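One file, protein_19.csv, carrying CSV, C-alpha atoms:
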chain,number,residue,atom,x,y,z
A,180,MET,CA,84.4,56.3,73.1
A,181,VAL,CA,81.7,58.1,75.1
A,182,GLU,CA,80.4,54.9,76.5
A,183,ASN,CA,83.9,53.7,77.5
A,184,LEU,CA,84.6,57.0,79.3
A,185,THR,CA,81.3,57.0,81.1
A,186,GLU,CA,81.7,53.3,82.0
A,187,SER,CA,85.2,53.9,83.4
A,188,LEU,CA,84.1,56.9,85.5
A,189,LYS,CA,80.8,55.4,86.7
A,190,PRO,CA,82.2,53.4,89.6
A,191,ILE,CA,83.9,56.6,90.9
A,192,ALA,CA,80.8,58.6,90.4
A,193,ASP,CA,78.7,55.9,92.1
A,194,TRP,CA,81.1,56.0,95.1
A,195,PHE,CA,80.6,59.8,95.4
A,196,ALA,CA,76.8,59.3,95.0
A,197,SER,CA,76.8,56.8,97.9
A,198,PHE,CA,77.6,59.8,100.2
A,199,GLY,CA,74.0,60.8,99.8
A,200,LEU,CA,74.8,64.4,98.8
A,201,PRO,CA,71.7,66.6,98.2
A,202,ASP,CA,70.9,67.0,94.5
A,203,ILE,CA,71.5,70.7,94.7
A,204,VAL,CA,75.1,70.0,95.8
A,205,VAL,CA,75.7,67.6,93.0
A,206,HIS,CA,74.1,70.0,90.5
A,207,TRP,CA,75.5,73.4,91.7
A,208,GLY,CA,78.4,72.5,93.9
A,209,HIS,CA,80.9,72.4,91.0
A,210,PRO,CA,79.8,75.8,89.5
A,211,LEU,CA,79.8,77.5,92.9
A,212,MET,CA,83.3,76.4,93.9
A,213,MET,CA,84.8,76.8,90.4
A,214,GLY,CA,83.2,80.3,90.1
A,215,ILE,CA,85.0,81.3,93.2
A,216,VAL,CA,88.3,79.9,91.9
A,217,VAL,CA,87.9,81.4,88.5
A,218,PHE,CA,86.7,84.8,89.4
A,219,VAL,CA,88.6,85.4,92.6
A,220,MET,CA,91.8,83.5,92.3
A,221,GLY,CA,91.9,84.0,88.5
A,222,SER,CA,91.6,87.7,88.8
A,223,VAL,CA,94.3,87.9,91.4
A,224,VAL,CA,96.6,85.6,89.5
A,225,GLY,CA,96.1,87.4,86.2
A,226,LEU,CA,96.3,91.0,87.6
A,227,SER,CA,99.4,90.3,89.7
A,228,GLY,CA,101.1,88.6,86.9
A,229,TRP,CA,100.6,91.5,84.5
A,230,ARG,CA,101.4,94.1,87.2
A,231,SER,CA,104.7,92.4,87.9
A,232,ARG,CA,105.6,92.6,84.2
A,233,GLN,CA,104.4,96.2,83.8
A,234,LEU,CA,106.0,97.6,87.0
A,235,LYS,CA,109.4,95.8,86.8
A,236,ASP,CA,111.1,98.9,85.4
A,237,THR,CA,109.2,101.7,87.3
A,238,ASP,CA,108.5,100.3,90.7
A,239,ILE,CA,110.6,97.3,91.6
A,240,GLU,CA,109.1,96.8,95.1
A,241,LYS,CA,105.5,96.6,93.8
A,242,ALA,CA,106.6,94.5,90.9
A,243,THR,CA,108.3,92.0,93.3
A,244,THR,CA,105.2,92.0,95.6
A,245,ASN,CA,103.0,91.2,92.6
A,246,LYS,CA,105.3,88.5,91.3
A,247,ALA,CA,105.4,86.9,94.7
A,248,LYS,CA,101.6,86.9,94.9
A,249,HIS,CA,101.4,85.4,91.4
A,250,ARG,CA,103.8,82.7,92.2
A,251,GLN,CA,102.0,81.9,95.5
A,252,ILE,CA,98.4,81.8,94.2
A,253,ALA,CA,98.8,80.4,90.6
A,254,PRO,CA,99.9,76.9,91.6
A,255,LEU,CA,97.0,76.7,94.1
A,256,MET,CA,94.6,77.9,91.4
A,257,PHE,CA,95.9,75.2,89.0
A,258,ILE,CA,95.4,72.5,91.6
A,259,PHE,CA,91.9,73.7,92.4
A,260,LEU,CA,91.0,73.9,88.7
A,261,ALA,CA,92.4,70.4,88.0
A,262,SER,CA,90.4,69.0,91.0
A,263,GLY,CA,87.3,71.0,90.0
A,264,TYR,CA,87.6,69.7,86.4
A,265,THR,CA,87.6,66.1,87.8
A,266,GLY,CA,84.7,67.0,90.0
A,267,GLY,CA,82.8,68.5,87.2
A,268,VAL,CA,83.3,65.5,85.0
A,269,LEU,CA,82.1,63.2,87.8
A,270,SER,CA,79.1,65.4,88.5
A,271,MET,CA,78.1,65.1,84.8
A,272,VAL,CA,78.4,61.3,85.1
A,273,MET,CA,76.3,61.4,88.3
A,274,GLN,CA,73.7,63.4,86.4
A,275,GLU,CA,73.8,61.0,83.5
A,276,GLN,CA,75.0,63.7,81.0
A,277,ASN,CA,77.0,63.0,77.9
A,278,ILE,CA,80.4,64.4,78.7
A,279,LEU,CA,81.9,64.7,75.3
A,280,GLU,CA,78.8,66.5,73.8
A,281,SER,CA,79.2,69.3,76.3
A,282,PRO,CA,80.8,72.6,75.1
A,283,HIS,CA,81.4,73.2,78.8
A,284,PHE,CA,83.6,70.1,79.0
A,285,TRP,CA,85.6,71.1,76.0
A,286,THR,CA,86.3,74.7,77.2
A,287,GLY,CA,87.3,73.2,80.5
A,288,SER,CA,89.7,70.9,78.8
A,289,ILE,CA,91.2,73.7,76.7
A,290,VAL,CA,91.7,75.8,79.8
A,291,LEU,CA,93.4,73.0,81.7
A,292,SER,CA,95.6,72.3,78.7
A,293,LEU,CA,96.6,76.0,78.4
A,294,LEU,CA,97.4,76.2,82.1
A,295,THR,CA,99.4,73.0,81.9
A,296,ILE,CA,101.6,74.6,79.2
A,297,ASN,CA,102.1,77.5,81.6
A,298,VAL,CA,103.0,75.2,84.5
A,299,VAL,CA,105.6,73.5,82.3
A,300,LEU,CA,107.1,76.8,81.2
A,301,SER,CA,107.2,78.1,84.7
A,302,ALA,CA,108.6,74.9,86.2
A,303,ALA,CA,111.3,74.8,83.5
A,304,GLY,CA,112.4,78.3,84.7
A,305,PHE,CA,111.3,79.6,81.3
A,306,ILE,CA,114.3,77.7,79.9
A,307,GLY,CA,117.0,80.0,81.0
A,308,ASN,CA,114.6,82.8,82.0
A,309,LYS,CA,114.0,83.7,78.3
A,310,SER,CA,111.8,86.8,78.0
A,311,VAL,CA,110.0,85.4,75.0
A,312,LEU,CA,108.8,82.4,77.0
A,313,ARG,CA,107.7,84.7,79.8
A,314,THR,CA,105.7,86.7,77.3
A,315,ILE,CA,104.2,83.5,75.9
A,316,HIS,CA,103.3,82.5,79.5
A,317,ALA,CA,101.6,85.8,80.1
A,318,TYR,CA,99.5,85.6,76.9
A,319,VAL,CA,98.6,81.9,77.3
A,320,GLY,CA,97.5,82.6,80.9
A,321,SER,CA,95.4,85.6,79.7
A,322,LEU,CA,93.9,83.4,77.0
A,323,ALA,CA,93.0,80.8,79.6
A,324,LEU,CA,91.4,83.4,81.8
A,325,ALA,CA,89.3,84.7,78.8
A,326,ILE,CA,88.2,81.1,78.0
A,327,MET,CA,87.3,80.6,81.6
A,328,VAL,CA,84.7,83.4,81.3
A,329,ILE,CA,83.2,81.6,78.3
A,330,HIS,CA,83.4,78.4,80.2
A,331,ALA,CA,81.5,79.9,83.1
A,332,VAL,CA,78.7,81.1,80.8
A,333,LEU,CA,78.5,77.7,79.2
A,334,GLY,CA,78.4,76.1,82.7
A,335,VAL,CA,75.5,78.2,83.8
A,336,LYS,CA,73.7,77.4,80.6
A,337,LEU,CA,74.4,73.7,81.2
A,338,GLY,CA,73.3,73.9,84.8
A,339,LEU,CA,70.0,75.5,83.9
A,340,SER,CA,69.3,73.0,81.1
A,341,ILE,CA,69.7,69.9,83.3

Could you take the file, read its structure, and then write that structure out as structure tokens?
Amino acid sequence: MVENLTESLKPIADWFASFGLPDIVVHWGHPLMMGIVVFVMGSVVGLSGWRSRQLKDTDIEKATTNKAKHRQIAPLMFIFLASGYTGGVLSMVMQEQNILESPHFWTGSIVLSLLTINVVLSAAGFIGNKSVLRTIHAYVGSLALAIMVIHAVLGVKLGLSI
């Protein structure tokens, strides 16, 4: 399975390698960009989402502002993470690393799966705006953010070991 995955991704990785990117960009470009997305956008998305939930009964104006911020940034964060996930996998292929043996790959896959669940819940309008689904959304998103921190640590460890 590993060989099939690598073989299928190799032509794409080779195409990117043909750009002649410096090794430092191939090696550290993904961690730098994803670090910004995870720590900057992730913090804003997580905090604004929780603030909108906590303030909805006490300060409706601030709750509405936070909800709008969450709705505006979360989809962009998901797109950047999905793109970064793809870039990270291709970077591993370019560096001739075994993708499926990497804990960093698996934590990234878990994060993207959790966030996909949240995208589906949100896009479905929480199936009639059910409060239990909004609560699940909040906790699944928080879990994804926590795993992203672990993912970042594993990524730095991976980067230093290659």

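Comparing A:Leu291, A:Pro282, A:Ala192, A:Gln276 by their smallest distance to Val335 of chain A, the closest is A:Pro282 (using only C-alpha atoms).
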
Contact table segment 191-230 of chain A vs segment 316-321 of chain A, cut-off 12 Å, shortest pair per residue, all atoms listed in the file, as JSON lines:
{"residue": "A:Gly221", "atom": "CA", "partner": "A:Gly320", "partner_atom": "CA", "distance": 9.5}
{"residue": "A:Ser222", "atom": "CA", "partner": "A:Ser321", "partner_atom": "CA", "distance": 10.1}
{"residue": "A:Val223", "atom": "CA", "partner": "A:Ser321", "partner_atom": "CA", "distance": 12.0}
{"residue": "A:Val224", "atom": "CA", "partner": "A:Gly320", "partner_atom": "CA", "distance": 9.2}
{"residue": "A:Gly225", "atom": "CA", "partner": "A:Ser321", "partner_atom": "CA", "distance": 6.8}
{"residue": "A:Leu226", "atom": "CA", "partner": "A:Ser321", "partner_atom": "CA", "distance": 9.6}
{"residue": "A:Ser227", "atom": "CA", "partner": "A:Ala317", "partner_atom": "CA", "distance": 10.8}
{"residue": "A:Gly228", "atom": "CA", "partner": "A:Ala317", "partner_atom": "CA", "distance": 7.4}
{"residue": "A:Trp229", "atom": "CA", "partner": "A:Ala317", "partner_atom": "CA", "distance": 7.3}
{"residue": "A:Arg230", "atom": "CA", "partner": "A:Ala317", "partner_atom": "CA", "distance": 10.9}

Writing out the chosen residues with C-alpha atoms as a compact mmCIF listing (two decimals), in the frame of the given file:
# COMPACT_ATOMS: atom_id res chain seq x y z
CA GLY A 221 91.90 84.00 88.50
CA SER A 222 91.60 87.70 88.80
CA VAL A 223 94.30 87.90 91.40
CA VAL A 224 96.60 85.60 89.50
CA GLY A 225 96.10 87.40 86.20
CA LEU A 226 96.30 91.00 87.60
CA SER A 227 99.40 90.30 89.70
CA GLY A 228 101.10 88.60 86.90
CA TRP A 229 100.60 91.50 84.50
CA ARG A 230 101.40 94.10 87.20

re atom CA of Ala253 of chain A and atom CA of Leu300 of chain A: distance 13.0 Å

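The closest residue to Ser187 of chain A, picked from A:Leu322, A:Ile252, A:Leu269, A:Ile289 and counting all atoms listed in the file, is A:Leu269.
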
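Shortest atom-to-atom contact with Leu260 of chain A among A:Asn297, A:Ser197, A:Thr185, A:Ser288: A:Ser288, counting all atoms listed in the file.
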